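Colleague: One file is attached below, work-v4.txt, containing compact mmCIF, C-alpha atoms.
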```
# COMPACT_ATOMS: atom_id res chain seq x y z
CA MET A 1 0.00 0.00 0.00
CA SER A 2 2.86 2.37 0.73
CA ILE A 3 3.96 2.06 -2.91
CA ILE A 4 0.57 3.33 -4.07
CA ALA A 5 0.72 6.14 -1.52
CA GLU A 6 4.15 7.10 -2.87
CA ILE A 7 2.85 7.12 -6.43
CA SER A 8 0.05 9.48 -5.37
CA ARG A 9 2.59 11.74 -3.69
CA TRP A 10 4.91 11.92 -6.71
CA ALA A 11 2.34 11.94 -9.50
CA ILE A 12 1.71 15.69 -9.64
CA PRO A 13 5.33 16.89 -9.31
CA LEU A 14 6.37 14.40 -11.99
CA LEU A 15 3.61 15.52 -14.35
CA LEU A 16 4.57 19.15 -13.71
CA LEU A 17 8.13 18.30 -14.70
CA LEU A 18 7.64 15.80 -17.49
CA ILE A 19 4.96 17.50 -19.56
CA PRO A 20 6.73 20.89 -19.95
CA VAL A 21 10.12 19.25 -20.60
CA LEU A 22 8.62 16.89 -23.15
CA ALA A 23 6.76 19.75 -24.81
CA TYR A 24 9.93 21.84 -24.94
CA LEU A 25 11.83 19.01 -26.61
CA ARG A 26 9.02 18.84 -29.16
CA LYS A 27 9.60 22.55 -29.94
CA VAL A 28 6.35 23.71 -28.31
CA PRO A 29 6.55 27.33 -27.05
CA VAL A 30 5.95 26.07 -23.51
CA TYR A 31 5.11 29.22 -21.60
CA GLU A 32 2.89 30.73 -24.29
CA SER A 33 1.00 27.47 -24.81
CA PHE A 34 0.53 27.06 -21.07
CA VAL A 35 -1.00 30.52 -20.78
CA ALA A 36 -3.22 29.96 -23.80
CA GLY A 37 -4.56 26.77 -22.23
CA ALA A 38 -4.97 28.31 -18.80
CA GLU A 39 -7.27 30.96 -20.24
CA ASP A 40 -10.08 28.40 -20.42
CA GLY A 41 -9.88 27.85 -16.65
CA PHE A 42 -11.57 31.13 -15.90
CA LYS A 43 -14.36 30.60 -18.41
CA THR A 44 -15.09 27.13 -17.06
CA GLY A 45 -15.08 28.35 -13.47
CA VAL A 46 -17.56 31.11 -14.26
CA ARG A 47 -19.74 28.75 -16.26
CA ILE A 48 -20.15 26.26 -13.42
CA LEU A 49 -20.70 28.93 -10.75
CA PRO A 50 -24.52 29.06 -10.97
CA PHE A 51 -24.74 25.26 -10.78
CA LEU A 52 -22.49 25.17 -7.73
CA ILE A 53 -24.51 27.84 -5.95
CA GLY A 54 -27.86 26.31 -6.83
CA MET A 55 -26.89 22.87 -5.53
CA LEU A 56 -25.04 24.08 -2.45
CA VAL A 57 -27.95 26.27 -1.27
CA SER A 58 -30.51 23.50 -1.61
CA ILE A 59 -28.27 20.89 0.06
CA ARG A 60 -27.20 23.19 2.90
CA VAL A 61 -30.79 24.15 3.76
CA PHE A 62 -31.74 20.47 3.68
CA ILE A 63 -28.96 19.56 6.14
CA ASP A 64 -29.04 22.51 8.51
CA SER A 65 -32.82 22.52 8.92
CA GLY A 66 -32.73 19.02 10.39
CA ALA A 67 -34.60 17.57 7.39
CA LEU A 68 -31.69 15.21 6.71
CA ASP A 69 -31.83 13.70 10.21
CA LEU A 70 -35.59 13.39 9.95
CA LEU A 71 -35.30 11.53 6.66
CA ALA A 72 -32.61 9.31 8.20
CA ARG A 73 -34.95 8.36 11.01
CA LEU A 74 -37.77 7.60 8.58
CA LEU A 75 -35.49 5.43 6.45
CA ALA A 76 -33.98 3.44 9.33
CA PRO A 77 -36.29 0.41 8.84
CA VAL A 78 -35.35 0.24 5.16
CA PHE A 79 -31.64 0.24 6.00
CA ASN A 80 -32.12 -2.42 8.66
CA TYR A 81 -33.89 -4.52 6.05
CA PHE A 82 -30.78 -4.29 3.86
CA GLY A 83 -28.62 -5.75 6.60
CA LEU A 84 -27.64 -2.73 8.68
CA ASP A 85 -27.54 -3.54 12.41
CA SER A 86 -29.97 -1.39 14.33
CA ASN A 87 -27.11 -0.08 16.50
CA LEU A 88 -25.48 1.35 13.37
CA THR A 89 -28.29 3.70 12.37
CA ALA A 90 -26.01 6.68 13.06
CA ILE A 91 -24.53 6.00 9.64
CA ILE A 92 -27.75 6.72 7.71
CA PRO A 93 -27.40 10.53 7.37
CA LEU A 94 -23.98 9.94 5.82
CA ALA A 95 -25.39 7.38 3.41
CA ILE A 96 -28.06 9.84 2.24
CA LEU A 97 -25.68 12.76 2.02
CA ARG A 98 -22.85 10.98 0.21
CA PRO A 99 -24.19 11.30 -3.36
CA LEU A 100 -25.34 14.88 -2.76
CA SER A 101 -22.41 16.76 -1.28
CA GLY A 102 -18.73 15.92 -0.98
CA SER A 103 -17.82 18.46 1.70
CA GLY A 104 -21.06 17.82 3.60
CA ALA A 105 -20.47 14.07 3.65
CA LEU A 106 -16.85 14.50 4.69
CA GLY A 107 -18.02 16.68 7.60
CA VAL A 108 -20.53 14.07 8.77
CA ALA A 109 -18.02 11.21 8.32
CA THR A 110 -15.38 13.11 10.32
CA GLN A 111 -17.87 13.74 13.10
CA LEU A 112 -18.92 10.07 13.20
CA ILE A 113 -15.27 8.93 13.30
CA ASN A 114 -14.45 11.31 16.13
CA GLN A 115 -17.62 10.55 18.07
CA TYR A 116 -17.57 6.74 17.86
CA GLY A 117 -13.84 6.23 17.36
CA PRO A 118 -12.05 5.43 14.09
CA ASP A 119 -11.70 1.75 14.99
CA SER A 120 -15.34 1.24 15.96
CA LEU A 121 -17.69 -0.48 13.53
CA ILE A 122 -19.41 2.83 12.79
CA GLY A 123 -16.05 4.54 12.29
CA ARG A 124 -14.92 1.87 9.85
CA LEU A 125 -18.23 1.89 8.01
CA ALA A 126 -18.18 5.69 7.73
CA SER A 127 -14.60 5.53 6.40
CA THR A 128 -15.45 2.86 3.83
CA LEU A 129 -18.59 4.66 2.71
CA GLN A 130 -16.80 7.99 2.37
CA GLY A 131 -13.98 6.46 0.36
CA SER A 132 -15.99 4.20 -1.88
CA THR A 133 -18.66 6.35 -3.49
CA ASP A 134 -18.61 9.75 -5.09
CA THR A 135 -20.90 12.77 -5.02
CA THR A 136 -22.86 11.51 -8.01
CA PHE A 137 -25.67 14.04 -7.96
CA PHE A 138 -23.33 16.97 -7.57
CA VAL A 139 -20.88 15.82 -10.24
CA LEU A 140 -23.71 15.24 -12.69
CA THR A 141 -25.27 18.67 -12.26
CA VAL A 142 -21.96 20.53 -12.44
CA TYR A 143 -20.44 18.50 -15.31
CA PHE A 144 -23.60 18.58 -17.43
CA GLY A 145 -24.19 22.20 -16.52
CA SER A 146 -20.70 23.21 -17.63
CA VAL A 147 -21.49 22.25 -21.25
CA GLY A 148 -25.15 23.23 -21.29
CA ILE A 149 -26.76 19.77 -21.18
CA ARG A 150 -30.33 19.98 -19.90
CA LYS A 151 -31.64 16.46 -20.47
CA TYR A 152 -29.65 13.90 -18.43
CA ARG A 153 -31.56 10.88 -19.80
CA TYR A 154 -30.63 7.77 -17.75
CA ALA A 155 -27.42 9.22 -16.24
CA LEU A 156 -28.85 9.87 -12.78
CA LYS A 157 -30.42 6.41 -12.60
CA VAL A 158 -27.09 4.73 -13.43
CA GLY A 159 -25.16 6.85 -10.93
CA LEU A 160 -27.58 6.48 -8.05
CA LEU A 161 -27.95 2.74 -8.67
CA ALA A 162 -24.17 2.39 -8.43
CA ASP A 163 -24.20 4.41 -5.20
CA LEU A 164 -26.87 2.16 -3.73
CA VAL A 165 -24.82 -0.92 -4.61
CA GLY A 166 -21.72 0.74 -3.12
CA LEU A 167 -23.66 1.39 0.08
CA ILE A 168 -24.96 -2.17 0.40
CA ALA A 169 -21.51 -3.57 -0.46
CA SER A 170 -19.89 -1.32 2.18
CA ILE A 171 -22.27 -2.49 4.89
CA TRP A 172 -21.80 -6.12 3.90
CA ILE A 173 -18.00 -6.09 3.66
CA VAL A 174 -17.46 -4.07 6.86
CA HIS A 175 -19.69 -6.49 8.80
CA ARG A 176 -17.87 -9.40 7.21
CA VAL A 177 -14.30 -8.18 7.78
CA PHE A 178 -14.53 -6.37 11.09
CA SER A 179 -17.25 -7.99 13.19
CA MET B 180 -35.75 14.38 -11.88
CA VAL B 181 -32.99 16.85 -10.99
CA ASN B 182 -35.53 19.65 -10.77
CA LEU B 183 -37.65 17.57 -8.44
CA ILE B 184 -34.79 16.53 -6.14
CA TRP B 185 -33.57 20.12 -5.96
CA LEU B 186 -37.04 21.42 -5.07
CA VAL B 187 -37.78 18.65 -2.56
CA MET B 188 -34.50 19.24 -0.67
CA LEU B 189 -35.09 22.98 -0.50
CA ALA B 190 -38.80 22.81 0.32
CA THR B 191 -38.61 20.05 2.96
CA GLY B 192 -35.67 21.87 4.53
CA ILE B 193 -37.71 25.06 4.88
CA ILE B 194 -40.82 23.23 6.11
CA VAL B 195 -38.88 21.22 8.71
CA ALA B 196 -37.10 24.37 9.90
CA ALA B 197 -40.44 26.16 10.21
CA MET B 198 -42.01 23.30 12.19
CA THR B 199 -39.06 22.99 14.57
CA GLY B 200 -38.89 26.72 15.19
CA ARG B 201 -35.56 27.19 13.44
CA ILE B 202 -36.62 29.26 10.49
CA ASP B 203 -33.62 31.60 10.95
CA THR B 204 -31.32 28.71 10.03
CA VAL B 205 -32.73 28.76 6.51
CA THR B 206 -31.68 32.35 5.92
CA THR B 207 -28.14 31.98 7.23
CA SER B 208 -27.61 28.59 5.58
CA ALA B 209 -28.81 29.76 2.19
CA MET B 210 -26.63 32.89 2.27
CA LYS B 211 -23.58 31.01 3.51
CA ALA B 212 -24.00 28.29 0.90
CA ALA B 213 -24.21 30.87 -1.87
CA GLU B 214 -20.98 32.46 -0.65
CA LEU B 215 -19.35 29.04 -0.41
CA GLY B 216 -20.32 28.38 -4.03
CA VAL B 217 -18.32 31.42 -5.11
CA GLU B 218 -15.35 30.36 -2.98
CA VAL B 219 -15.36 26.87 -4.46
CA ALA B 220 -15.64 28.23 -8.00
CA ILE B 221 -12.79 30.69 -7.49
CA GLU B 222 -10.55 28.04 -6.00
CA LEU B 223 -11.43 25.85 -8.95
CA ILE B 224 -10.52 28.61 -11.39
CA GLY B 225 -6.96 28.54 -10.07
CA VAL B 226 -6.59 24.79 -10.21
CA MET B 227 -8.45 24.56 -13.52
CA SER B 228 -6.17 27.13 -15.13
CA LEU B 229 -3.08 25.27 -13.95
CA TRP B 230 -4.24 21.90 -15.26
CA LEU B 231 -5.75 23.20 -18.48
CA GLY B 232 -2.49 25.03 -19.19
CA LEU B 233 -0.57 21.83 -18.61
CA MET B 234 -3.10 19.89 -20.63
CA ARG B 235 -2.52 22.23 -23.60
CA LEU B 236 1.21 21.55 -23.38
CA ALA B 237 0.56 17.83 -23.20
CA GLU B 238 -1.70 18.06 -26.23
CA GLU B 239 0.74 20.04 -28.34
CA ALA B 240 3.58 17.72 -27.41
CA GLY B 241 1.50 14.75 -28.56
CA PHE B 242 1.46 13.31 -25.05
CA ILE B 243 -2.32 13.09 -24.74
CA ARG B 244 -2.54 11.29 -28.09
CA LEU B 245 0.11 8.87 -26.88
CA VAL B 246 -1.77 8.16 -23.66
CA ALA B 247 -4.99 7.73 -25.62
CA ARG B 248 -3.28 5.27 -27.96
CA LEU B 249 -1.80 3.29 -25.06
CA PHE B 250 -4.97 2.92 -23.01
CA GLY B 251 -7.38 3.61 -25.85
CA PRO B 252 -8.24 0.03 -26.86
CA ALA B 253 -9.62 -0.81 -23.41
CA ILE B 254 -11.40 2.50 -22.90
CA ARG B 255 -12.75 2.66 -26.45
CA ARG B 256 -14.70 -0.53 -25.90
CA LEU B 257 -16.74 1.36 -23.30
CA PHE B 258 -17.31 4.26 -25.70
CA PRO B 259 -18.37 2.66 -29.00
CA SER B 260 -19.90 5.93 -30.22
CA LEU B 261 -16.61 7.85 -30.13
CA LYS B 262 -14.25 8.12 -33.08
CA PRO B 263 -11.01 6.20 -32.48
CA GLU B 264 -8.94 9.39 -32.67
CA SER B 265 -11.35 11.42 -30.55
CA PRO B 266 -9.55 14.02 -28.39
CA ALA B 267 -12.09 13.26 -25.65
CA LEU B 268 -10.41 9.89 -25.01
CA GLY B 269 -7.20 11.52 -23.76
CA ALA B 270 -9.07 13.76 -21.31
CA ILE B 271 -11.23 10.85 -20.15
CA ILE B 272 -8.14 8.72 -19.45
CA MET B 273 -6.40 11.56 -17.61
CA ASN B 274 -9.52 12.12 -15.48
CA LEU B 275 -9.91 8.45 -14.59
CA SER B 276 -6.20 8.11 -13.76
CA ALA B 277 -6.38 11.15 -11.47
CA ASN B 278 -9.44 9.60 -9.79
CA VAL B 279 -7.71 6.27 -9.29
CA LEU B 280 -4.73 8.02 -7.70
CA GLY B 281 -7.05 10.07 -5.49
CA LEU B 282 -5.99 13.39 -7.02
CA GLY B 283 -9.43 14.98 -6.86
CA ASN B 284 -7.95 18.40 -7.54
CA ALA B 285 -6.59 17.37 -10.90
CA ALA B 286 -9.51 15.10 -11.75
CA THR B 287 -12.13 17.85 -11.99
CA PRO B 288 -10.37 19.99 -14.65
CA PHE B 289 -9.67 16.91 -16.79
CA GLY B 290 -13.28 15.82 -16.31
CA LEU B 291 -14.72 19.16 -17.36
CA LYS B 292 -12.36 19.18 -20.33
CA ALA B 293 -13.56 15.71 -21.29
CA MET B 294 -17.15 16.95 -21.16
CA GLN B 295 -16.29 19.84 -23.49
CA GLU B 296 -14.67 17.45 -25.97
CA LEU B 297 -17.63 15.06 -25.75
CA GLN B 298 -20.01 17.96 -26.32
CA LYS B 299 -18.24 18.73 -29.63
CA GLU B 300 -19.21 15.26 -30.88
CA ASN B 301 -22.72 15.44 -29.48
CA PRO B 302 -25.37 15.78 -32.21
CA ASN B 303 -27.91 17.28 -29.81
CA PRO B 304 -26.21 19.82 -27.51
CA GLU B 305 -29.02 19.96 -24.93
CA VAL B 306 -29.31 16.20 -24.47
CA ALA B 307 -26.68 14.01 -22.80
CA SER B 308 -24.93 11.72 -25.29
CA PRO B 309 -24.42 8.02 -24.44
CA ALA B 310 -20.65 8.61 -24.25
CA MET B 311 -21.16 11.37 -21.67
CA ILE B 312 -23.33 9.14 -19.52
CA THR B 313 -20.80 6.30 -19.69
CA PHE B 314 -18.03 8.73 -18.75
CA LEU B 315 -19.95 10.07 -15.74
CA ALA B 316 -20.89 6.55 -14.65
CA LEU B 317 -17.18 5.63 -14.64
CA ASN B 318 -16.15 8.93 -13.10
CA THR B 319 -18.54 8.76 -10.13
CA SER B 320 -17.96 5.09 -9.34
CA CYS B 321 -14.25 4.96 -10.10
CA ILE B 322 -11.94 3.05 -7.76
CA THR B 323 -9.63 5.16 -5.62
CA LEU B 324 -6.55 3.19 -4.60
CA VAL B 325 -5.74 5.42 -1.64
CA PRO B 326 -8.64 7.28 -0.05
CA ALA B 327 -6.15 9.82 1.31
CA THR B 328 -8.60 12.28 2.88
CA ILE B 329 -10.38 9.75 5.04
CA ILE B 330 -7.10 8.10 6.05
CA GLY B 331 -6.00 11.53 7.23
CA VAL B 332 -9.16 11.94 9.29
CA ARG B 333 -8.64 8.50 10.86
CA LEU B 334 -5.01 9.29 11.58
CA LYS B 335 -5.99 12.49 13.36
CA ALA B 336 -8.58 10.60 15.41
CA ASN B 337 -5.79 8.30 16.67
CA SER B 338 -6.77 5.18 14.79
CA LEU B 339 -4.60 2.15 15.57
CA ASN B 340 -4.68 1.26 11.89
CA PRO B 341 -5.72 4.17 9.68
CA THR B 342 -5.24 2.28 6.42
CA GLU B 343 -7.21 -0.85 7.36
CA ILE B 344 -10.24 0.46 5.44
CA ILE B 345 -8.45 0.47 2.08
CA GLY B 346 -9.40 -3.14 1.37
CA THR B 347 -13.07 -2.71 2.25
CA THR B 348 -13.18 0.56 0.30
CA ILE B 349 -11.75 -1.02 -2.84
CA PHE B 350 -14.18 -3.91 -2.56
CA ALA B 351 -17.20 -1.61 -2.19
CA THR B 352 -16.09 0.66 -5.05
CA GLY B 353 -15.40 -2.37 -7.22
CA CYS B 354 -19.00 -3.53 -6.74
CA ALA B 355 -20.35 -0.04 -7.46
CA MET B 356 -18.20 0.34 -10.57
CA THR B 357 -19.21 -3.05 -11.97
CA VAL B 358 -22.88 -2.20 -11.53
CA ALA B 359 -22.35 1.27 -13.05
CA ILE B 360 -20.79 -0.21 -16.19
CA LEU B 361 -23.45 -2.92 -16.49
CA ALA B 362 -26.37 -0.56 -15.82
CA ASP B 363 -24.99 1.96 -18.31
CA PHE B 364 -24.68 -0.78 -20.94
CA ILE B 365 -28.22 -2.06 -20.35
CA PHE B 366 -29.83 1.39 -20.36
CA ARG B 367 -27.90 2.43 -23.46
CA HIS B 368 -29.12 -0.57 -25.43
CA ARG B 369 -32.64 -0.31 -24.17
CA GLN B 370 -32.86 3.33 -25.25
CA ARG B 371 -31.44 2.57 -28.66
CA ARG B 372 -34.06 -0.06 -29.38
CA ARG B 373 -36.85 2.37 -28.55
CA PRO B 374 -37.95 4.36 -31.64
```
Would you put the structure from the file into structure tokens?

Modeller:
Amino acid sequence: MSIIAEISRWAIPLLLLLIPVLAYLRKVPVYESFVAGAEDGFKTGVRILPFLIGMLVSIRVFIDSGALDLLARLLAPVFNYFGLDSNLTAIIPLAILRPLSGSGALGVATQLINQYGPDSLIGRLASTLQGSTDTTFFVLTVYFGSVGIRKYRYALKVGLLADLVGLIASIWIVHRVFS
Amino acid sequence: MVNLIWLVMLATGIIVAAMTGRIDTVTTSAMKAAELGVEVAIELIGVMSLWLGLMRLAEEAGFIRLVARLFGPAIRRLFPSLKPESPALGAIIMNLSANVLGLGNAATPFGLKAMQELQKENPNPEVASPAMITFLALNTSCITLVPATIIGVRLKANSLNPTEIIGTTIFATGCAMTVAILADFIFRHRQRRRP
């Protein structure tokens, strides 16, 4: 595992070195081309701004109002049906939040890990869940928004189905390995 | 569906806050979230510019085409609608590699770039193309070899073994990714058969 961690650590510095050197050897005007490419960064940032704000406002209000916890309590029987021990229901808000908001989910996961301990079953489940699925809903709205797509067709179904499977798999494997 | 989810989150949030006597939370949360959106976008502008600049260099040096040719055959099978020399392939591969390595910062610019390239080949610019949906299915379910952020959180919380969740994480992501690829394939073919 430490090899993979090392690769992650070196990947960006190496790319920052290799790409410009390679380009220079290929007679590319490196600095001018870099600047020309970087220009698009601003445009893209501005284009996704409304989508970011729209999603963040809705998600934040949903969390801070207590609606998320309420929904978690309502859904507890469903989660228990899918194999979640009833003493692990503290994980449900994280499971709901995970596809919606990356920073929100990280906040909840951090709180769970600190509250129950990183080596508790809840701590391990929160860690696995946080690491294994992505913020599907958020990525979809921002990525599609950035190029002006309005009809997502079956994209959301595919993404959320994968998240659901990731959730069930997380619960199953954590129970299996750690308890 | 997105419209509905957006509205339901916002509306239930406001209703719950009103019923629990915390209506002030709505105002502060909404304002703060809007500010946060600007912060995130501005941060992203910096990182985006850096990576898009580098990406241009990589393109002009022929590096992206090389990467696309190396990994292309495997990736192309997932994107039958793309031309073999499509510039989107390079960006898609860079995005997925960054995801696998857990470099979220670099992944987003490559991902947005891939979307722009895919949009150029999209016959109907308001409707998601099958290639876009496949890309997003891979992107959101992609395996991360080292979930660095959560390992950091565990480390700070004095875990005896911060990295013990890597195995379970890879297993869970592997399941999610398999289902994403299968579901995408099934939906794609079902939609094509429909007139």

Colleague: In terms of the shortest atom-to-atom distance over only C-alpha atoms, which of B:Leu261, B:Met294, B:Ala310, B:Leu268 is closest to Gly148 of chain A?

Modeller: B:Met294

Colleague: Between A:Lys27, A:Arg124, A:Lys43, A:Arg73, single out the one closest to Ile171 of chain A, counting only C-alpha atoms.

Modeller: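 For Ile171 of chain A, the nearest of the given residues is A:Arg124.
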
Colleague: Considering all atoms listed in the file, can you say which of B:Ala213, B:Leu275, B:Ile365, B:Ile254 comes closest to chain A?

Modeller: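 For chain A, the nearest of the candidates is B:Ala213.
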
Colleague: Find the distance between atom CA of Lys211 of chain B and atom CA of Val57 of chain A and write it in Å to one decimal.

Modeller: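 Pair atom CA of Lys211 of chain B / atom CA of Val57 of chain A returns 8.0 Å.
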
Colleague: So which residues touch Leu97 of chain A within 9 Å, counting all atoms listed in the file, skipping near sequence neighbours fewer than 2 positions away, as a list in words?

Modeller: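 Residues meeting the cut-off are Ile59, Ile63, Leu68, Ile92, Pro93, Leu94, Ala95, Pro99, Leu100, Ser101, Gly102, Gly104, Ala105, Val108 and Thr135 of chain A.
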
Colleague: Which residues come within 10 Å of Gly66 of chain A, counting only C-alpha atoms, excluding same-chain residues fewer than 6 positions away, as a list of chain:residue names?

Modeller: A:Ala72, B:Thr191, B:Gly192, B:Ile193, B:Val195, B:Ala196, B:Thr199, B:Arg201, B:Thr204

Colleague: Which is closer to chain A than all the others in B:Ala212, B:Glu264, B:Thr357, B:Ala197, using all atoms listed in the file?

Modeller: B:Ala212

Colleague: Tell me which residues come within 8 Å of (-14.5, 1.9, -4.1), as number ranges by chain, counting all atoms listed in the file in the file's coordinates.

Modeller: A: 131-133, 166; B: 320-323, 347-356

Colleague: Within 10 Å of Lys151 of chain A, counting all atoms listed in the file, which residues qualify if same-chain residues fewer than 2 places away don't, as a list in words?

Modeller: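 Contacts, with the query itself left out: Phe144, Gly148, Ile149, Arg153, Tyr154 and Ala155 of chain A; Met180, Val181, Pro304, Glu305, Val306, Ala307 and Ser308 of chain B.
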
Colleague: Atom CA of Ala237 of chain B to atom CA of Pro309 of chain B: how many Å, to one decimal?

Modeller: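 That distance, rounded to one decimal, is 26.9 Å.
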
Colleague: Could you please determine the separation between atom CA of Ser228 of chain B and atom CA of Arg9 of chain A in Å, to one decimal place?

Modeller: 21.1 Å

Colleague: Please give the centre and size of the box around segment 104-115 of chain A (axis-aligned, containing every atom listed in the file, 3 Å added per side), with values in Å to one decimal and written as JSON.

Modeller:
```
{"center_x": -17.8, "center_y": 13.4, "center_z": 10.8, "size_x": 12.6, "size_y": 14.9, "size_z": 20.5}
```
